[in-house]
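Working notes, beginning with the structure itself.
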Amino acid sequence: MMNGETMRYVLRKFCTMLITLLIVSFCVFLAFSVIPGDPATQMLGTNATTAQLEALREQLGLNRPLVIRYLEWVSGIFTGNFGNSYLYNVSVSSMLKDKLPITLVLTGMSFLFIVMISIPLGVLSAKYYDRPWIRTFQFMNRLLMAIPPFFIGILLTLFLGLILRLFTPGGFVSYKVDLFSFLGYMIVPSIAVAIPKSAMTIQMLKASVLSESKLDYVRTAYSRGNSTDQVLYKHVLRNALIPIVTFLGMTLSDIVAGSIVIEQVFSIPGFGRLLIASISGRDYPVAESIIFIIAVVVMLINFLVDILYRFIDPRVEKA
Amino acid sequence: MKKSMSFMTMLCVLATLSIALCGCAGGKTNASSQIVVGIAQDLEDSLDPHKAVAAGTKEILFNVFEGLLKPDADGNIVPAVAESYEVSGDGLSYHFILRSNVKFHNGNPVTADDVKYSLEKIAGKMGDSPMIPAYSLIDSVEVLSPSEVCVHLSSADADFPSYLAMVNAAIIPADNKNPDTNAIGTGPYMYVSRSIQENLVLRKFDDYWGEKAHIENVTLRIVPNDDTVVMNLRGGSIDMYARLTSDQVAQLTDEYDVLEGTMNLVQALYFNNDCVPLDDVRVRQAICYALNRQNILDMTSEGKGTIIGSSMFPSFGKYYVPELADYYPNDVEKAKELLKEAGYDDGFDLEIVVPSNYPPHIKTAEVMVEQLKAVNIRAKIKLVEWNSWLSDVYTGRNYQSTVIGVDASYLTARALLERFNSKADNNFINFKSSEYDGLYETIINMQDSDEKTEYIKKMETILTEEAANAYIQDMAEFVALNKKYAGYTFYPLYVQDFSKLYIVE
């Protein structure tokens with residue numbers, strides 16, 4: 001399977017990824033030097049005097065030219081050293097290591113929910129697409145698609161937290177303290193992320209299954225005496241899932257980036273929370289590292305989806 | 001169909017599981033001896049009290065660290081690590097006698113050497129430049145005996161004891177290698193752990209020299225989103241939250257006591273006194289007359305708050321001049337007249353910069369914009385992020401006007417007034433008055449006396465007469481406390497004292 005052409009393809013994709021990462025890292029660095037304020041103004045607040053600001057900038061090394069600071073940072077990343085947080089005075093890697101599992105669990109759980117909700121429901125809505133109850137469901141589904149996750153988050157908090165009392169709003173428990181409670185707390189935020197994405201996936205899958213069922217091979221399968229279910233699960237679904245894999249891949253990278261908002265709503269101290277705090281606090285090393293990592297993850301997912309797609313659907317090779 | 005059935009079964013199992021797990025997460029820890037306090041921001045600082053700058057950090061560290069002196073709830077400066085002190089006649093040396101029973105959280109007793117180390121550290125004798133410029137007054141620290149220390153100043157300053165009462169002058173052990181992450185102090189609570197952007201855990205210090213704390217464990221939980229504060233309180237993940245807005249208070253249920261105090265800050269429309277047309281005193285006065293401050297309070301906080309007329313608030317007792325609050329009654333005609341005199345009968349455009357993270361200031365500015373329309377001043381609000389505000393408005397002084405609250409960084413009346421002397425580095429409104437500067441020079445070295453009080457009042461009056469800023473109010477502060485707890489104490493400065501909280505039986 002791994003012939004020369006495929007290798008070249010993978011290599012080319014990989015190189016594009018590296019170049020994109022370099023550009024992203026430089027843009028991030030540049031952005032922070034353009035926006036007003038710096039770590040020194042943040043740290044000194046309203047007690048600042050010009051002399052103190054200068055002294056602190058000198059101490060933090062902020063007075064050195066942009067290019068030098070950038071090169072230092074990039075070379076640091078290659079050796080696994082993300083620098084020290086200006087505000088907390090601890091190493092960025094240790095901060096990230098603490099927060100990574102939280103965001104990973106949120107992303108993983110949301111993804112799991114999406115797959116588990118959307119695939120059965122998508123198939124069902126395709127199978128019974130002309131029944132009235134499916135039409136009602138379709139209408140609701142379109143509605144859910146349009147609601148942003150943070151709003152669903154607030155609604156869920158209100159309903160599950162304050163009315164049904166099934167969940168404590170803001171009662172995050174760290175995975176270090178109690179793994180079970182931690183996972184329990186992450187369920188509601190994951191559902192908030194999963195609902196609109198599932199709604200979209202259901203639509204996609206339904207459309208895909210329906211268009212696939214009109215193809216000739218389906219008629220052939222029926223003529224061989226297969227039952228509806230056999231045709232659906234053995235033939236149609238396999239082909240209909242191909243575009244869904246790409247879509248889910250994109251969704252996954254979307255969730256990684258989208259967790260920033262949902263973490264804010266549910267007071268989850270993950271990557272997103274840390275990112276927002278470090279941007280408003282001008283804690284450059286932390287913010288830059290997180291943006292860089294998110295960029296890497298998103299690109300890696302896209303890269304994998306590209307490759308995966310090629311394996312699932314051999315037609316891509318010809319393109 | 002079989003396959004789709006198994007999917008459905010899985011879904012059902014999952015749903016049941018979710019609910020079961022949710023139930024677990026909802027299980028509140030028994031509040032036998034613990035309280036969870038919500039705070040708006042993490043302590044985005046090192047834990048070294050000498051490096052703490054953010055007000056939000058200092059108000060928490062107040063429970064962990066103490067200086068030789070500390071403020072009490074009435075605004076007096078009382079001895080803490082020191083038992084007593086004497087000032088020499090020339091005001092240049094302070095002789096401290098240390099308390100014998102003060103221990104650090106690691107169990108070691110506090111010695112004169114620790115005091116010398118701490119004071120030399122804040123004075124910048126160890127390389128770093130002093131965080132608070134006032135500490136550079138410390139010339140040397142002399143250890144007279146294991147329990148006696150003499151601090152020599154390079155020039156006399158009557159406010160020196162109040163500088164020492166700040167948490168930035170805390171006494172920390174000389175042998176602590178990592179004060180940035182390992183917080184060891186002498187306060188009623190000791191530091192246990194922190195998780196960045198999540199929480200900070202404190203535990204009662206059993207060997208505290210003074211009145212011991214009542215609640216064993218205090219967890220400070222960060223609630224980053226303003227909109228979820230009320231939900232978190234009602235859901236029970238936090239028991240207390242200070243500085244709520246009146247809107248948030250209205251949404252609380254009766255499980256909570258709402259206590260009302262004052263923020264102890266001067267909220268005003270601060271003018272850049274250097275910028276046209278605000279460099280004209282008549283224009284500034286016209287704005288003062290055009291504003292209806294009672295109306296601002298009614299519109300923004302249901303009338304709660306104290307109207308003030310200068311850079312001083314009522315907590316400062318004898319230094320506060322109540323008459324100044326009515327110096328500029330709402331008088332649109334008078335305002336128009338003054339504008340006409342100044343040559344602005346058609347009004348002018350005014351930009352009000354407001355930091356976007358302070359909803360109360362934004363609301364105040366919105367009401368102002370409406371009120372200023374009556375005198376043809378076309379005001380518009382520009383929202384900026386806090387850090388942009390700090391760099392553009394506060395240090396860059398590149399703005400026309402801004403709504404903000406200014407507090408006293410240490411517990412003296414002078415702390416509120418010193419920034420308006422024309423040489424002050426933090427005089428962000430570019431205020432200039434030679435009379436004011438003269439008075440300021442005079443009071444620096446004056447010990448408390450009636451004469452000094454008069455001078456300070458005179459300074460406040462100058463600020464009002466010159467309409468340096470359009471003063472609005474000392475804002476009301478609301479604290480929500482679960483009825484299971486009591487004992488919240490307001491301080492005349494930005495402090496939260498957890499040691500006074502207790503559980504209602």
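By order of appearance in the structure tokens: chains A, B, ..., then residues from 1 within every chain, and ligands from 1 in the order shown.
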Find the residues around Asn426 in chain B up to 10 Å (only C-alpha atoms counted), leave out those fewer than 2 positions away in its own chain, and share them as a PDB file with C-alpha atoms, in the first residue's frame.
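Final output, saved to out_1.pdb:
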ATOM      1  CA  THR A  46      -1.632  51.014  38.999  1.00  0.00           C
ATOM      2  CA  ASN A  47       1.441  51.076  41.208  1.00  0.00           C
ATOM      3  CA  ALA A  48       3.636  51.467  38.151  1.00  0.00           C
ATOM      4  CA  THR A  49       6.124  54.246  37.730  1.00  0.00           C
ATOM      5  CA  THR A  50       8.124  54.694  34.554  1.00  0.00           C
TER       6      THR A  50
ATOM      7  CA  TYR B 394      -2.403  55.121  32.967  1.00  0.00           C
ATOM      8  CA  THR B 395       1.237  55.140  31.996  1.00  0.00           C
ATOM      9  CA  ARG B 397      -1.513  59.344  29.550  1.00  0.00           C
ATOM     10  CA  GLU B 418       0.163  62.066  46.557  1.00  0.00           C
ATOM     11  CA  ARG B 419      -0.403  61.116  42.936  1.00  0.00           C
ATOM     12  CA  PHE B 420      -1.764  64.576  42.136  1.00  0.00           C
ATOM     13  CA  ASN B 421       1.425  66.437  42.956  1.00  0.00           C
ATOM     14  CA  SER B 422       2.828  67.602  39.651  1.00  0.00           C
ATOM     15  CA  LYS B 423       6.061  65.645  40.043  1.00  0.00           C
ATOM     16  CA  ALA B 424       4.397  62.324  40.841  1.00  0.00           C
ATOM     17  CA  PHE B 428      -2.010  60.166  35.237  1.00  0.00           C
ATOM     18  CA  ILE B 429      -4.400  63.112  35.035  1.00  0.00           C
ATOM     19  CA  ASN B 430      -1.541  65.617  34.563  1.00  0.00           C
TER      20      ASN B 430
END
Fill in: Exercise answer, chain A residues close to chain B, 7 Å and only C-alpha atoms, as a PyMOL selection string
chain A and resi 36-37+41-45+49-50+87-89+120+161-162+166-171+181+184-185+187+229+264-265+267+269+274+280
Item to complete: Excluding Val81 in chain B and any residue of its chain fewer than 4 positions from it, enumerate the residues within 9 Å of it, using only C-alpha atoms, and give them as a count of residues only.
Response: 14
Item to complete: Determine which residues of range 293-421 of chain B DSSP labels as alpha helix (DSSP H) from the backbone of this structure, then write them out as a PyMOL selection string.
Response: chain B and resi 293-301+332-341+359-373+386-388+413-417
Discussion item. Please compute the CA of Leu481 in chain B-CA of Leu259 in chain B distance, one decimal, in Å.
Written reply: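 That distance, rounded to one decimal, is 7.7 Å.
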